[in-house]
Amino acid sequence: MLAPFPSSKWGYEKAAHLLNRIGFGAIPSQIETAYQVGLDGILREIVDAPLDADDRVAAPAWAHPANLQTMQMELNALKPDSPERQQKMRQMREKEAAQILDLRRWWLERMMTAQNPLREKMTLFWHSHFATSNEKVQNSYWMWRQNETLRRNAMGNFKSLVREMSRDPAMMIYLDLRESRKDHPNENWARELMELFTVGIGHYNEDDIRESARAFTGYRIDMTTQQFQFIPGQHDNTPKNFMGKTGAWNGDDVIDILMEQPACAEFIARKLWRYFVEDDPPQKIVADLANRLRTEAYEIRPVLREIFGSAEFFSERVMHSQVKSPAQFLVQTIKLLQSELPPPKVTQNAMNQMGQSLFAPPNVKGWDGGRSWISPSTLLFRDNFANYLVSGDPVPRQPASPPKPKEVDGLGPSTLVSPVPSSTPTPSPSPVASPKLPPEPRRPSIDIAKIVPPQLRNKPEELVVHLARRFFQCTLPQRELWIFTEFLVARRPDTSDETMRALLHLMMGTPMFQLT
């Protein structure tokens with residue numbers, strides 16, 4: 001068991017730390033409320049809350065299943081090289097691009113306004129854990145549906161979530177599970193199920209992968225409804241020897257056996273601690289959380305409550321030590337500025353530049369997180385983007401990376417194109433100079449009156465302390481306070497909105513602002 005956090009040590013800074021880690025930050029009035037409610041009250045309100053029934057952000061208008069079989073038949077009726085087919089394909093690509101852009105906007109708005117920020121934070125955790133990219137899936141409805149599945153199970157039962165992921169159309173396409181049949185089992189899902197989703201490397205062998213792949217044969221997608229379906233005639237129902245157990249196992253049986261492995265609980269416990277607390281979890285803490293996870297039959301909520309109610313979570317080494325993910329940086333910054341999300345294309349570009357394109361993780365491992373979020377280029381972009389959020393000054397755009405080849409086994413526009421035979425060589429593109437892109441459009445500067453009290457504009461020391469409490473939620477070292485104060489003193493008697501915004505940008509460009 002972790003040591004419970006003593007209520008006598010609860011304070012404003014501890015409340016801010018909890019709200020930053022449990023969600024996407026808060027403004028001073030919200031932190032003050034959390035401080036007054038107390039740790040137990042906040043945990044009851046957020047961790048123990050039932051599934052939201054009144055989301056503030058409605059589902060995208062297009063988020064409903066389509067009859068893909070009919071669409072395929074209509075496309076097949078057109079000649080392969082006809083202008084009509086080319087136009088149809090172009091329209092489909094444009095529609096998919098617009099929908100995935102809208103989907104990213106939709107999720108960020110949920111992060112901004114969610115009744116329960118922990119549910120969105122956990123949805124983001126599972127999105128990286130069960131990493132699935134629309135670069136291959138090419139179907140925004142399936143990506144939205146998976147996101148809703150992760151949200152619905154975010155703080156529920158891990159075993160149930162793994163079962164749902166095994167039947168999730170986006171995952172089935174991403175890891176080729178829908179292609180697996182009894183005479184030719186596909187091992188992609190079976191391998192990642194063990195390596196990345198449950199027990200981790202070193203706790204299974206190649207025979208386990210092969211036997212597991214046989215157990216998951218027959219999983220399909222009904223293309224008329226876009227729902228999961230099971231085809232008994234394509235399932236291998238013969239005996240299998242998996243993890244030392246023999247039986248006519250199916251996919252759910254394999255998941256049950258994996259949950260019995262001690263490594264499974266430790267694998268999930270370690271990832272949860274890394275996500276919410278610190279990069280290098282002490283082994284004793286991992287073992288304690290894993291034991292709690294097994295005791296609770298893989299219910300996630302009690303484990304989260306133990307984490308957030310522990311003295312270890314509020315230790316000095318943990319507070320103000322976690323590098324903000326791009327999503328955390330974006331949403332928390334906008335909250336602190338009491339502003340609004342930038343236009344969808346601007347936001348999408350910003351997330352790309354910072355290294356966290358939602359619905360397009362870099363690979364099946366998801367994002368590494370932690371210190372990997374920061375590099376010279378991403379740090380420079382964060383600084384420029386912070387200035388954009390404060391003042392509205394355009395951010396110089398970097399050239400986009402060369403487009404990746406479209407996959408041919410998804411069910412988006414790429415699915416409706418006949419794949420090139422493997423024997424046909426693909427010509428290499430001619431090298432071209434990267435185009436210089438125009439900057440992002442301007443946006444209105446923030447309303448500085450919401451953040452800077454007018455009575456403090458002529459009091460540099462008091463103003464800096466006031467703003468530091470808002471943007472850092474802690475008492476800054478004297479050196480940092482002095483730097484910010486001297487900035488204002490050097491500008492005297494100018495106390496204009498422009499000077500105030502410049503001060504905010506200066507604060508947001510510091511290394512400490514990148515931490516939460």
# chains A, B, ... in the order shown; residues from 1 in each chain; ligands from 1

call {"tool": "select_by_dssp", "arguments": {"residues": "stretch 91-259 of chain A", "states": "strand (DSSP E or B)", "output": "PyMOL selection string"}}
result
chain A and resi 157+181+184+219-222+227-230+240-242+245-247

call {"tool": "write_last_selection", "arguments": {"atoms": "N, CA and C atoms", "output": "PDB file, in the first residue's frame"}}
result
ATOM      1  N   ASN A 157     -12.854  -1.371 -16.145  1.00  0.00           N
ATOM      2  CA  ASN A 157     -12.121  -2.619 -15.998  1.00  0.00           C
ATOM      3  C   ASN A 157     -11.170  -2.821 -17.169  1.00  0.00           C
ATOM      4  N   ARG A 181      -7.424 -15.619 -40.589  1.00  0.00           N
ATOM      5  CA  ARG A 181      -8.347 -16.738 -40.804  1.00  0.00           C
ATOM      6  C   ARG A 181      -7.650 -18.030 -40.385  1.00  0.00           C
ATOM      7  N   HIS A 184      -4.679 -19.226 -42.263  1.00  0.00           N
ATOM      8  CA  HIS A 184      -3.566 -18.279 -42.339  1.00  0.00           C
ATOM      9  C   HIS A 184      -3.711 -17.227 -41.237  1.00  0.00           C
ATOM     10  N   TYR A 219     -12.282 -12.955 -36.699  1.00  0.00           N
ATOM     11  CA  TYR A 219     -12.758 -11.618 -36.357  1.00  0.00           C
ATOM     12  C   TYR A 219     -12.888 -10.805 -37.646  1.00  0.00           C
ATOM     13  N   ARG A 220     -14.040 -10.216 -37.854  1.00  0.00           N
ATOM     14  CA  ARG A 220     -14.313  -9.481 -39.095  1.00  0.00           C
ATOM     15  C   ARG A 220     -15.062  -8.194 -38.797  1.00  0.00           C
ATOM     16  N   ILE A 221     -15.260  -7.383 -39.846  1.00  0.00           N
ATOM     17  CA  ILE A 221     -16.047  -6.153 -39.777  1.00  0.00           C
ATOM     18  C   ILE A 221     -17.170  -6.257 -40.798  1.00  0.00           C
ATOM     19  N   ASP A 222     -18.382  -6.003 -40.368  1.00  0.00           N
ATOM     20  CA  ASP A 222     -19.524  -5.961 -41.278  1.00  0.00           C
ATOM     21  C   ASP A 222     -19.470  -4.630 -42.019  1.00  0.00           C
ATOM     22  N   GLN A 227     -19.654  -2.489 -38.062  1.00  0.00           N
ATOM     23  CA  GLN A 227     -19.579  -3.082 -36.736  1.00  0.00           C
ATOM     24  C   GLN A 227     -18.781  -4.388 -36.785  1.00  0.00           C
ATOM     25  N   PHE A 228     -18.322  -4.801 -35.605  1.00  0.00           N
ATOM     26  CA  PHE A 228     -17.611  -6.070 -35.478  1.00  0.00           C
ATOM     27  C   PHE A 228     -18.550  -7.242 -35.756  1.00  0.00           C
ATOM     28  N   GLN A 229     -18.015  -8.278 -36.382  1.00  0.00           N
ATOM     29  CA  GLN A 229     -18.749  -9.525 -36.499  1.00  0.00           C
ATOM     30  C   GLN A 229     -17.777 -10.698 -36.414  1.00  0.00           C
ATOM     31  N   PHE A 230     -18.277 -11.822 -35.948  1.00  0.00           N
ATOM     32  CA  PHE A 230     -17.462 -13.030 -35.812  1.00  0.00           C
ATOM     33  C   PHE A 230     -17.952 -14.065 -36.819  1.00  0.00           C
ATOM     34  N   LYS A 240      -5.216 -25.416 -28.435  1.00  0.00           N
ATOM     35  CA  LYS A 240      -4.035 -24.547 -28.518  1.00  0.00           C
ATOM     36  C   LYS A 240      -3.319 -24.584 -27.175  1.00  0.00           C
ATOM     37  N   ASN A 241      -1.994 -24.510 -27.218  1.00  0.00           N
ATOM     38  CA  ASN A 241      -1.200 -24.461 -25.996  1.00  0.00           C
ATOM     39  C   ASN A 241      -0.671 -23.038 -25.834  1.00  0.00           C
ATOM     40  N   PHE A 242      -1.304 -22.288 -24.925  1.00  0.00           N
ATOM     41  CA  PHE A 242      -0.946 -20.881 -24.755  1.00  0.00           C
ATOM     42  C   PHE A 242      -0.545 -20.622 -23.311  1.00  0.00           C
ATOM     43  N   LYS A 245      -1.016 -23.452 -20.951  1.00  0.00           N
ATOM     44  CA  LYS A 245      -2.361 -23.994 -20.760  1.00  0.00           C
ATOM     45  C   LYS A 245      -2.898 -24.484 -22.098  1.00  0.00           C
ATOM     46  N   THR A 246      -3.549 -25.653 -22.101  1.00  0.00           N
ATOM     47  CA  THR A 246      -4.059 -26.238 -23.333  1.00  0.00           C
ATOM     48  C   THR A 246      -5.583 -26.265 -23.315  1.00  0.00           C
ATOM     49  N   GLY A 247      -6.160 -25.869 -24.446  1.00  0.00           N
ATOM     50  CA  GLY A 247      -7.616 -25.884 -24.592  1.00  0.00           C
ATOM     51  C   GLY A 247      -7.988 -25.307 -25.941  1.00  0.00           C
TER      52      GLY A 247
END

call {"tool": "closest_atom_pairs", "arguments": {"of": "stretch 251-302 of chain A", "to": "stretch 368-372 of chain A", "cutoff": "9 Å", "atoms": "only C-alpha atoms", "output": "CSV"}}
result
residue,atom,partner,partner_atom,distance
A:Arg274,CA,A:Gly370,CA,8.4
A:Tyr275,CA,A:Gly369,CA,8.1
A:Glu278,CA,A:Gly370,CA,8.4
A:Asp279,CA,A:Gly370,CA,6.4

call {"tool": "write_last_selection", "arguments": {"atoms": "N, CA and C atoms", "output": "mmCIF file, in the first residue's frame"}}
result
data_model
loop_
_atom_site.group_PDB
_atom_site.id
_atom_site.type_symbol
_atom_site.label_atom_id
_atom_site.label_comp_id
_atom_site.auth_asym_id
_atom_site.auth_seq_id
_atom_site.Cartn_x
_atom_site.Cartn_y
_atom_site.Cartn_z
ATOM 1 N N ARG A 274 4.045 6.152 -14.493
ATOM 2 C CA ARG A 274 4.841 7.005 -15.380
ATOM 3 C C ARG A 274 3.994 8.131 -15.963
ATOM 4 N N TYR A 275 2.774 7.840 -16.289
ATOM 5 C CA TYR A 275 1.908 8.826 -16.933
ATOM 6 C C TYR A 275 1.494 9.936 -15.975
ATOM 7 N N GLU A 278 5.810 10.057 -12.336
ATOM 8 C CA GLU A 278 7.218 10.297 -12.639
ATOM 9 C C GLU A 278 7.731 9.271 -13.647
ATOM 10 N N ASP A 279 8.799 9.638 -14.342
ATOM 11 C CA ASP A 279 9.304 8.811 -15.439
ATOM 12 C C ASP A 279 9.879 7.481 -14.992
#

call {"tool": "closest_residue", "arguments": {"among": "A:Leu336, A:Cys474, A:Leu43, A:Ala502", "to": "A:Ile451", "atoms": "only C-alpha atoms"}}
result
A:Leu336

call {"tool": "residues_around", "arguments": {"residues": "A:Ser310", "least_positions_apart": "3", "cutoff": "12 Å", "atoms": "only C-alpha atoms", "output": "PyMOL selection string"}}
result
chain A and resi 1-7+9-10+14+18+39-40+43+273+277+285+289+303-307+313-315+318

call {"tool": "write_last_selection", "arguments": {"atoms": "N, CA, C and O atoms", "output": "CSV table (one decimal), in the first residue's frame"}}
result
chain,number,residue,atom,x,y,z
A,1,MET,N,0.8,-1.2,0.0
A,1,MET,CA,0.0,0.0,0.0
A,1,MET,C,0.9,1.3,0.0
A,1,MET,O,1.9,1.3,0.7
A,2,LEU,N,0.5,2.3,-0.8
A,2,LEU,CA,1.1,3.5,-0.7
A,2,LEU,C,0.8,4.3,0.6
A,2,LEU,O,-0.3,4.1,1.1
A,3,ALA,N,1.6,5.2,1.0
A,3,ALA,CA,1.4,5.9,2.2
A,3,ALA,C,0.3,7.0,1.9
A,3,ALA,O,0.4,7.7,0.9
A,4,PRO,N,-0.7,7.1,2.7
A,4,PRO,CA,-1.8,8.1,2.4
A,4,PRO,C,-1.2,9.5,2.7
A,4,PRO,O,-0.4,9.7,3.6
A,5,PHE,N,-1.7,10.4,1.9
A,5,PHE,CA,-1.2,11.8,2.1
A,5,PHE,C,-1.9,12.4,3.3
A,5,PHE,O,-3.1,12.4,3.4
A,6,PRO,N,-1.1,13.0,4.2
A,6,PRO,CA,-1.7,13.6,5.4
A,6,PRO,C,-2.5,14.9,5.1
A,6,PRO,O,-2.0,15.8,4.4
A,7,SER,N,-3.7,15.0,5.6
A,7,SER,CA,-4.6,16.1,5.3
A,7,SER,C,-3.9,17.4,5.8
A,7,SER,O,-4.2,18.5,5.3
A,9,LYS,N,-1.1,18.5,5.4
A,9,LYS,CA,-0.2,19.1,4.5
A,9,LYS,C,-0.9,19.6,3.2
A,9,LYS,O,-0.2,20.1,2.3
A,10,TRP,N,-2.2,19.5,3.2
A,10,TRP,CA,-2.9,19.9,2.0
A,10,TRP,C,-2.9,21.5,1.9
A,10,TRP,O,-3.0,22.2,2.9
A,14,LYS,N,-0.6,22.1,-3.4
A,14,LYS,CA,-0.9,20.7,-3.6
A,14,LYS,C,-2.2,20.5,-4.5
A,14,LYS,O,-2.3,19.6,-5.3
A,18,LEU,N,-2.5,18.5,-8.1
A,18,LEU,CA,-3.5,17.5,-8.3
A,18,LEU,C,-4.3,17.8,-9.6
A,18,LEU,O,-4.5,17.0,-10.5
A,39,LEU,N,-8.7,17.2,-0.3
A,39,LEU,CA,-8.3,16.1,-1.2
A,39,LEU,C,-9.4,15.1,-1.3
A,39,LEU,O,-9.7,14.6,-2.4
A,40,ASP,N,-9.9,14.6,-0.2
A,40,ASP,CA,-11.0,13.6,-0.2
A,40,ASP,C,-12.2,14.0,-1.1
A,40,ASP,O,-12.7,13.3,-1.8
A,43,LEU,N,-11.3,14.0,-4.8
A,43,LEU,CA,-11.2,12.6,-5.3
A,43,LEU,C,-12.6,12.0,-5.4
A,43,LEU,O,-12.9,11.2,-6.4
A,273,TRP,N,1.8,4.9,-13.4
A,273,TRP,CA,2.7,5.7,-12.5
A,273,TRP,C,3.5,6.7,-13.4
A,273,TRP,O,3.7,7.8,-13.1
A,277,VAL,N,2.8,10.4,-12.6
A,277,VAL,CA,3.6,10.8,-11.5
A,277,VAL,C,5.0,11.1,-11.9
A,277,VAL,O,5.5,12.2,-11.9
A,285,ILE,N,6.8,0.6,-5.5
A,285,ILE,CA,5.6,1.3,-5.8
A,285,ILE,C,4.8,0.5,-6.9
A,285,ILE,O,3.6,0.3,-6.9
A,289,LEU,N,1.2,-1.2,-6.5
A,289,LEU,CA,0.0,-0.9,-7.4
A,289,LEU,C,-0.4,-2.1,-8.1
A,289,LEU,O,-1.6,-2.3,-8.4
A,303,VAL,N,-7.2,2.0,-8.3
A,303,VAL,CA,-5.8,2.2,-8.4
A,303,VAL,C,-5.5,3.7,-8.5
A,303,VAL,O,-4.6,4.3,-7.9
A,304,LEU,N,-6.3,4.4,-9.4
A,304,LEU,CA,-6.2,5.8,-9.5
A,304,LEU,C,-6.4,6.6,-8.2
A,304,LEU,O,-5.6,7.5,-7.9
A,305,ARG,N,-7.4,6.1,-7.5
A,305,ARG,CA,-7.7,6.8,-6.2
A,305,ARG,C,-6.5,6.6,-5.3
A,305,ARG,O,-6.1,7.6,-4.5
A,306,GLU,N,-5.9,5.4,-5.3
A,306,GLU,CA,-4.7,5.2,-4.4
A,306,GLU,C,-3.5,6.1,-4.8
A,306,GLU,O,-2.8,6.7,-4.0
A,307,ILE,N,-3.3,6.2,-6.1
A,307,ILE,CA,-2.2,7.1,-6.6
A,307,ILE,C,-2.4,8.5,-6.2
A,307,ILE,O,-1.5,9.1,-5.6
A,313,PHE,N,2.7,10.7,-4.4
A,313,PHE,CA,2.2,11.5,-5.5
A,313,PHE,C,2.5,13.0,-5.2
A,313,PHE,O,2.7,13.8,-6.2
A,314,PHE,N,2.4,13.4,-4.0
A,314,PHE,CA,2.6,14.8,-3.6
A,314,PHE,C,4.1,15.1,-3.1
A,314,PHE,O,4.3,16.2,-2.5
A,315,SER,N,5.0,14.2,-3.3
A,315,SER,CA,6.3,14.4,-2.8
A,315,SER,C,7.0,15.5,-3.6
A,315,SER,O,6.7,15.9,-4.7
A,318,VAL,N,8.4,14.9,-7.0
A,318,VAL,CA,7.4,14.7,-8.1
A,318,VAL,C,6.8,16.0,-8.6
A,318,VAL,O,6.6,16.2,-9.8

call {"tool": "closest_residue", "arguments": {"among": "A:Val331, A:Leu150, A:Leu175, A:Leu19", "to": "A:Ala386", "atoms": "only C-alpha atoms"}}
result
A:Val331
